[in-house]
Every structure is written in C-alpha cells, then in structure tokens.
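Undergrad: Submitted below is the structure of interest, expressed as structure tokens.
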Amino acid sequence: MTTWIIIAILAIIVIYFIAQYNGLVKLRNWVQESFSQIDVQLKRRHDLIPNLVETVKGYAKHEKETLNQVIEARNGLISGTPQQRIEADNQIEGALKSIFALAESYPDLKANQNFLQLQEELATTENKVAYSRQLYNKTVKDYNIKRESFPSNIIAGMFNFKREELLTIPEAERDVPKVTF
Amino acid sequence: MLYQQIQQNKRKTLVLLTFFCFLVLVIGWAVGYFLNGDMLSGPIIAAVVLAFYVPITFASARAQVLSMAGAREIKKSDNPMVFNVVEELALAANVPMPKIYIVDDPSPNAFATGMKPESSVIAFTSGLLERLNREEIAAVTAHEFSHIRNYDIRLMTLCIALVGVIVVVADIGQRMFFWGGGRSNKRNNEKSNPIFMIIALVLIILAPLVAQFVQLAVSRNREYLADASAVELTRDPQGLINALTKISSDDKGMKHVKDATASMYISNPFGKKRKKTNWFATHPSTESRIERLKAM
C-alpha cells in the first residue's frame with residue numbers, strides 16, 4: 001500500500017515537473033518568435049535605406065555627409081546582439097529624421113512620389129520596431145518571472161534556461177535627436 | 001483584465017442569444033395567437049425559423065453588417081498608409097491582420113466587425129481617412145483592435161444581425177395586424193380574449209424597442225474600455241483625443257446609417273443634428289471620453 005502511495009506521489013511530482021518544463025520551453029519560444037518580428041522589421045529598414053539615399057542624392061548633392069552616415073550605420077541593423085541592433089536603429093532613426101527635415105528645403109524632393117513612398121515605408125517600419133519591441137519586452141518579462149519563481153526555477157537551473165534581457169533605449173537617445181547639418 | 005473581458009463577452013453573447021430566441025418565440029406566439037387564435041402554431045413557426053436563422057446568422061453576420069453599412073474592401077495599393085497603420089497595430093495587439101473596408105461617406109467614423117479576431121474587419125469612412133492624420137488614424141485603429149481582441153465585435157455583430165430578424169418579424173406582425181384586423185372582426189364567433197389581444201399588440205409594437213435596448217445595454221461602458229486599451233497599445237492618449245475631437249466636430253452625421261448598426265461605430269454616426277434622447281444614446285458623450293483620456 002505505502003509503496004503505491006509513494007509511486008503515486010512520485011508520478012505526480014514527475015508530471016508536475018514536465019508541465020513546468022514545457023511551460024518554460026513555450027515561453028522561451030515565444031521570446032524567440034517575438035524577436036523574429038523585430039528582426040524582420042530591422043532587415044526591412046536595412047533594405048529600404050539605400051533606396052532612400054539614392055532618391056535623396058539626386059536632389060540634395062550637398063548633404064553627402066548625412067547620407068554617408070546613414071549608409072554606414074545601417075549595417076548595425078543586421079549584425080550584433082539584439083540590444084546593439086536596437087541601438088543602431090535608434091541612431092539611424094535620428095539620422096533619418098534629419099534627412100526628412102532636410103527635404104523641407106528641397107521642394108522637388110518633397111514632391112517626389114518615390115521619396116514620399118519611402119518616407120511612409122520607413123515610418124511604418126519604425127513604428128513596427130517599436131510595437132514589436134513592446135511585445136518582445138512583455139514576453140521576456142513573463143519568461144524571466146517564470147524562470148526565477150519557485151518551483152520552476154529548479155527546472156530552469158537544471159536545464160540551463162538562460163535569462164533573457166529586455167531591450168531598452170538609452171535615456172539620452174529617447175529625446176528627439178538634434179538635427180545638425 | 002483582457003481575459004475577464006473576453007469571458008464576460010462570451011457570457012453576454014450566450015445571454016443575448018437566449019434572450020433573442022425567447023423574444024422571437026414570444027413574438028411568434030403573439031402573432032400566431034392574434035391571427036389564428038391558437039397558442040401553438042406561432043411558437044412552432046418561430047422555432048423553425050430560429051433553427052434555420054441562427055446558424056445562417058452565425059455564418060453570415062459579418063457580411064450582413066458590412067452590407068448594411070455599405071462597406072467595400074480595399075487593397076493595399078489603394079491606400080498603403082492605412083494598411084501600414086493597421087499592420088503596425090496588429091503587431092502591437094498580437095492579432096492577425098484584419099481586412100480593411102471603406103464606407104464612402106464624408107463624415108469621419110469607423111467600426112470593426114467579425115465573429116472572431118482571426119477573421120475580423122476594420123472599416124473606415126472615406127471622410128475619416130481624408131481628415132485624420134497618421135497618428136489619429138492609428139489611435140482609431142487601436143480603439144477598434146480593442147473591440148476585436150476582447151470579442152466585443154462578436155457580441156455586436158450578432159446583436160445587429162439578430163435585431164434584423166426581430167424587426168422583420170415584428171414588421172410582418174404589424175402589417176398583418178393592420179390588414180388582418182378587419183377580417184378577424186368579421187368572424188366574431190371565435191372566442192378572442194381582449195387581454196391577450198392587447199398583450200399581443202403591445203409585443204408587436206415593443207419588440208423593436210426591446211431589441212434596441214438590449215443593444216444599448218451592451219454598448220456604453222465598452223467605449224471607455226476600448227479607449228483605455230487603445231492608449232495602452234499606442235501609448236499616445238493625445239492622438240485619440242485629437243481623433244475624437246475631429247470625429248465629433250462633424251455635426252452633419254453619416255448619410256446612410258441604419259439604426260441597428262449605430263452602436264458599433266467609434267462615435268455616434270448620427271451627428272449632432274439628429275440628437276436622440278438619452279435612452280437611445282448609443283455612445284457616451286465625446287466630452288466625457290476625452291476627459292477620461294486626459295486623466296490618463
């Protein structure tokens with residue numbers, strides 16, 4: 001009788017542990033999936049920027065420096081850690097703002113259909129990065145809470161579930177960047 | 001919070017469905033009693049009608065609502081900006097991308113419909129897309145996504161489709177009453193109880209009103225809720241404040257709005273000119289919505 005009780009208790013514990021393990025796996029996958037959303041948008045921005053630069057070059061020849069800056073920075077979008085890529089995106093957003101501000105002084109450029117389309121596409125990818133980052137941080141938070149709370153932290157330790165980091169924007173860059181050219 | 005809203009909406013949908021079936025049966029009884037003088041034929045016919053109508057309504061409610069509103073689908077190439085805005089918020093709300101419809105009307109307004117988030121539709125009037133800027137359209141879209149996420153749309157869509165049948169049934173009853181009345185007076189040999197006659201008459205007249213009240217019961221607080229969750233998505237209360245201000249500043253109202261669909265719009269589609277009494281107010285006043293948004 002007692003052996004049966006012990007076996008039953010053990011079985012319950014094992015089943016419980018399996019459920020906890022599966023819960024952690026599910027959350028870890030959600031974290032990866034939500035990062036892939038950001039990834040898609042960052043790559044899209046990376047691909048859009050050369051088009052924008054080409055379009056702007058035709059109208060604003062004197063702005064080479066700003067344009068080169070963007071071209072150089074754009075590789076940061078697709079390489080490095082997630083946090084580095086988000087930071088690169090932030091810098092590029094600042095530079096793009098100055099390009100769009102600069103369009104104000106070139107009426108032909110401002111009326112260019114291609115330019116307007118690129119401006120809209122870049123704006124939407126930027127918003128999508130922001131929204132998917134919001135979702136990513138929420139998912140990471142859920143995962144980390146599960147990873148650290150008892151008793152799932154035992155399983156997380158046993159199977160080496162690593163802590164995921166939130167994507168943050170440095171305080172200084174959260175302000176509107178200064179437009180200088 | 002969202003989970004509770006979903007549960008509540010599912011429960012309300014069930015209550016609504018039960019209530020409507022009951023109401024249709026009672027109306028069937030009233031019409032049957034009045035015309036034939038027996039208690040059974042009316043409810044039986046009503047039950048048969050319900051057995052066909054309810055499943056058909058489930059399948060076609062979204063299409064019915066869209067055609068009542070006079071909306072047509074658009075492609076991404078028709079208005080890339082709107083598609084981008086909706087895509088952005090679909091990402092933020094973690095909901096599949098809905099279809100986008102346009103109602104050709106100069107008055108700015110919007111609504112969402114569908115039976116579940118996976119097959120939802122957001123419709124904007126052409127006036128809204130012309131007058132509102134990107135941030136404001138995003139705020140309106142976020143508001144509609146809140147209705148989509150918490151299953152408000154299913155409740156609302158079913159409500160509108162079911163109100164349709166009640167109005168139709170009551171209409172038939174009313175017509176029969178007017179020309180059937182003389183005939184039944186002639187065969188006076190039938191024992192007709194005047195009290196039942198009066199009840200039947202009252203039901204026929206009240207049915208559309210009752211249907212309307214049900215709709216209002218589901219409608220008012222959810223607008224505040226949807227405003228709040230919209231801001232949670234966009235983190236931009238000012239965008240929604242500006243959008244609501246612009247939408248409500250239009251006092252002409254929409255050209256073709258059916259009473260049944262009025263409560264699904266983001267803002268009262270009748271405009272200021274056709275102000276109904278408070279009983280019929282489908283929406284809380286824009287002022288009080290803006291006040292709450294400012295307090296956030």
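Chain labels A, B, ... are given in the sequence in which chains occur in the structure tokens; within each chain residues are numbered consecutively from 1, and ligands are likewise numbered from 1 in the order shown.
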Select residues of chain A: the criterion is any atom within 6 Å of an atom of chain B, counting only C-alpha atoms; output as a PyMOL selection string.
TA: chain A and resi 124+128+131
Undergrad: Could the residues in this selection be saved with N, CA, C and O atoms as a PDB file, in the first residue's frame?
TA:
ATOM      1  N   THR A 124       6.584  53.391 -41.170  1.00  0.00           N
ATOM      2  CA  THR A 124       5.839  52.237 -40.678  1.00  0.00           C
ATOM      3  C   THR A 124       6.781  51.184 -40.095  1.00  0.00           C
ATOM      4  O   THR A 124       6.490  50.591 -39.057  1.00  0.00           O
ATOM      5  N   LYS A 128       6.685  49.723 -36.381  1.00  0.00           N
ATOM      6  CA  LYS A 128       6.604  48.273 -36.168  1.00  0.00           C
ATOM      7  C   LYS A 128       7.727  47.800 -35.252  1.00  0.00           C
ATOM      8  O   LYS A 128       7.521  46.908 -34.429  1.00  0.00           O
ATOM      9  N   TYR A 131       6.578  48.737 -31.772  1.00  0.00           N
ATOM     10  CA  TYR A 131       5.491  47.899 -31.256  1.00  0.00           C
ATOM     11  C   TYR A 131       5.970  46.477 -30.997  1.00  0.00           C
ATOM     12  O   TYR A 131       5.579  45.852 -30.014  1.00  0.00           O
TER      13      TYR A 131
END
Undergrad: Interatomic distance between atom CA of A:Tyr59 and atom CA of A:Ile71?
TA: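 That distance, rounded to one decimal, is 17.1 Å.
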Undergrad: Have a look at A:Ser149, A:Ser98, A:Ser79, A:Asn137 and name the one nearest to A:Thr66; count only C-alpha atoms.
TA: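 Residue with the minimum atom-to-atom distance to A:Thr66: A:Ser98.
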Undergrad: How many Å separate atom CA of B:Gly239 from atom CA of B:Leu293?
TA: 10.2 Å
Undergrad: Restricting the calculation to only C-alpha atoms: of A:Pro50, A:Tyr21, A:Ile15, A:Lys43, which residue gets closest to A:Met158?
TA: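 Among the listed residues, the smallest separation from A:Met158 belongs to A:Tyr21.
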